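The next block holds one structure in the form of structure tokens; read it before the comments.
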Amino acid sequence: MADRSVRNVVHTSVGGTSARVTLSNLYGQSPLSITQASIAVAAGSGTPAALSDTMRQLTFNGGPTVVIPPGRQVMSDAVRIVVPPDADVLITTYTPTSSGPVTYHPRARQISYVAQGDHTADATGAPYTEQSLYWRYLTALDVLSNEADGTVVVLGDSLTDGITSTVGANNRWTDVLSDRLRAEIAAGRDLPRYSVVNQGISGNRVLTDGLGRPADNPSGLNRFARDVLERTNAKVVVIDLGVNDILRNPRLADPNAIVGGLRTMVGQAHARGLKVVGATLMPFGGHRGYSDARESVRQQINAEIRAGRVFDAVVDFDKALRDPYDPRRLRADYDSGDHLHPSDKGYARMAEAFDLESLKGSAPAEL
């Protein structure tokens, strides 16, 4: 991405009066030099244009330039900017020189933009003629907010990543959950005022890393500290992992090992005072990886989850989305067509099935 400006488009959960971002060179093999970076509120959806009076330069330890070593990430200084809730924000970086492999999120379900040259301060969006379905370098947006008391962090796989949801529509189940929570609070319901952070990575597993060093898809266990415990003001974690441990294991997965991994994450969360809501594993009958033996593993894991022996609270996605006439499959209108990932309607159903009351309270005291 030498001599390119990357304008990442991200969607807010809650609003605030100042913001900061985290930029990553985790998968780089040489230093990443960013000489200019900016943040602005988008002029609308589906556009690289910004509201001109919101364009702000980002700084790092007081200066406009930062060099991120391979395998590291940096957080910008906070900048004063009024960020609306449920809105698109533009975070732009300019790299003058080649950095080698780019740290990126390939299943963003959001169109971002690229321009030749340094156009970080451009509010018109005109130079951003190239579209991209990836987020590059950017891994977090924090807002300073008087309307939120903490963060719900959702750790998941492609079902949380929203891989089959409509691009640019913010129809991931976590987006719908955020909308629900904000609407219920606005209506006067007594609920925690939390933002919702999506930490879904397609293909993610509880126990097994992806390829590469560092792993390009670190297991839930290995990324739990980075992606959950280190998130700003985390209060509750929602874990929706396990299906890929079943489907991607060339042999038959051990349900006890998967449940054991989930319990390990719960223990780490409890040690930091986080409450844990866990999801049952949804059906995948009709998918190319389906077998009766794998279905049995899924049922055994769900039985442990429903019995209350894994998490502090449970959201039963399996019950909410399965076909009542063939419970090994997703209901047809909730199925994207691949018999594994939900449709937009299915993702909305996941969010509707989530009991907002389960966000109340804290981790149980350790005796």
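Labeling convention for the structure tokens: chains A, B, ... as they appear, residues from 1 per chain, ligands from 1 in order of appearance.
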
Inset, instruction - Assign secondary structure with DSSP using the backbone only, and return the residues of stretch 160-344 of chain A in alpha helix (DSSP H) as a VMD selection string. - result: chain A and resid 160 to 161 173 to 186 220 to 224 243 to 247 255 to 271 292 to 306 317 to 321 344

Legend entry - strand (DSSP E) positions in stretch 83-171 of chain A, given as a ChimeraX atom specification: /A:83,88-95,104-105,112-116,130-132,135-136,138-144,150-156

Put those residues in a file: C-alpha atoms, as an mmCIF file, in the first residue's frame.
```cif
data_model
loop_
_atom_site.group_PDB
_atom_site.id
_atom_site.type_symbol
_atom_site.label_atom_id
_atom_site.label_comp_id
_atom_site.auth_asym_id
_atom_site.auth_seq_id
_atom_site.Cartn_x
_atom_site.Cartn_y
_atom_site.Cartn_z
ATOM 1 C CA VAL A 83 -19.283 10.950 17.097
ATOM 2 C CA ASP A 88 -20.365 5.594 9.862
ATOM 3 C CA VAL A 89 -16.932 6.943 10.759
ATOM 4 C CA LEU A 90 -14.030 7.339 8.319
ATOM 5 C CA ILE A 91 -10.549 6.480 9.587
ATOM 6 C CA THR A 92 -7.872 7.201 7.016
ATOM 7 C CA THR A 93 -4.181 6.288 7.038
ATOM 8 C CA TYR A 94 -1.415 7.192 4.600
ATOM 9 C CA THR A 95 1.684 5.043 4.160
ATOM 10 C CA TYR A 104 -6.264 -6.672 7.456
ATOM 11 C CA HIS A 105 -9.754 -8.049 8.117
ATOM 12 C CA SER A 112 -13.978 1.037 2.344
ATOM 13 C CA TYR A 113 -11.922 3.166 -0.043
ATOM 14 C CA VAL A 114 -8.386 3.662 -1.332
ATOM 15 C CA ALA A 115 -6.761 6.684 -3.025
ATOM 16 C CA GLN A 116 -3.390 7.193 -4.684
ATOM 17 C CA GLU A 130 -10.899 2.397 -5.530
ATOM 18 C CA GLN A 131 -13.287 0.357 -3.390
ATOM 19 C CA SER A 132 -12.223 -2.338 -0.946
ATOM 20 C CA TRP A 135 -10.393 -3.178 6.696
ATOM 21 C CA ARG A 136 -6.663 -2.468 6.714
ATOM 22 C CA LEU A 138 -7.439 -0.468 11.866
ATOM 23 C CA THR A 139 -8.455 -2.825 14.693
ATOM 24 C CA ALA A 140 -10.430 -0.651 17.130
ATOM 25 C CA LEU A 141 -12.330 2.606 17.519
ATOM 26 C CA ASP A 142 -12.889 3.858 21.065
ATOM 27 C CA VAL A 143 -15.172 6.761 21.922
ATOM 28 C CA LEU A 144 -15.292 8.731 25.148
ATOM 29 C CA GLY A 150 -19.101 -0.240 29.504
ATOM 30 C CA THR A 151 -18.651 -2.636 26.631
ATOM 31 C CA VAL A 152 -20.111 -5.980 25.588
ATOM 32 C CA VAL A 153 -17.436 -7.874 23.661
ATOM 33 C CA VAL A 154 -18.705 -10.595 21.318
ATOM 34 C CA LEU A 155 -16.101 -13.266 20.550
ATOM 35 C CA GLY A 156 -17.087 -15.427 17.625
#
```

Closest atom pairs, residues of stretch 34-126 of chain A within 9 Å of stretch 22-25 of chain A, only C-alpha atoms, as CSV:
```
residue,atom,partner,partner_atom,distance
A:Ile68,CA,A:Asn25,CA,6.2
A:Pro69,CA,A:Asn25,CA,6.7
A:Pro70,CA,A:Asn25,CA,5.5
A:Gly71,CA,A:Asn25,CA,5.6
A:Arg72,CA,A:Asn25,CA,5.5
A:Gln73,CA,A:Ser24,CA,4.1
A:Val74,CA,A:Leu23,CA,5.4
A:Met75,CA,A:Thr22,CA,4.3
A:Ser76,CA,A:Thr22,CA,6.3
A:Pro101,CA,A:Asn25,CA,8.8
A:Val102,CA,A:Asn25,CA,7.2
A:Thr103,CA,A:Asn25,CA,5.7
A:Tyr104,CA,A:Ser24,CA,8.7
```

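Closest approach to A:Thr264 among A:Asn222, A:Ser158, A:Asn302, A:Ser296: A:Asn222, based on only C-alpha atoms.
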
Inset, instruction - List the neighbours of A:Asp86 out to 8 Å using only C-alpha atoms; skip same-chain residues closer than 2 positions along the sequence, and give me the result as a count of residues only. - result: 8

Legend entry - Among listed residues A:Val79, A:Ala87, A:Val238, A:Ala225, nearest A:Leu177 (using only C-alpha atoms):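 Smallest separation from A:Leu177 among the options: A:Val238.
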
Inset, instruction - Please indicate the distance in Å from atom CA of A:Val228 to atom CA of A:Gly273, rounded to one decimal place. - result: 12.1 Å

Inset, instruction - Determine, counting only C-alpha atoms, which protein, DNA and RNA residues have an atom within 8 Å of an atom of A:Leu330; residues of the same chain fewer than 5 positions away are not included. Present the result as a list of chain:residue names. - result: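 Everything that qualifies: A:Met282, A:Pro283, A:Phe284, A:Gly285, A:Leu321, A:Arg322, A:Asp323, A:Asp335, A:His339, A:Leu340, A:Pro342.
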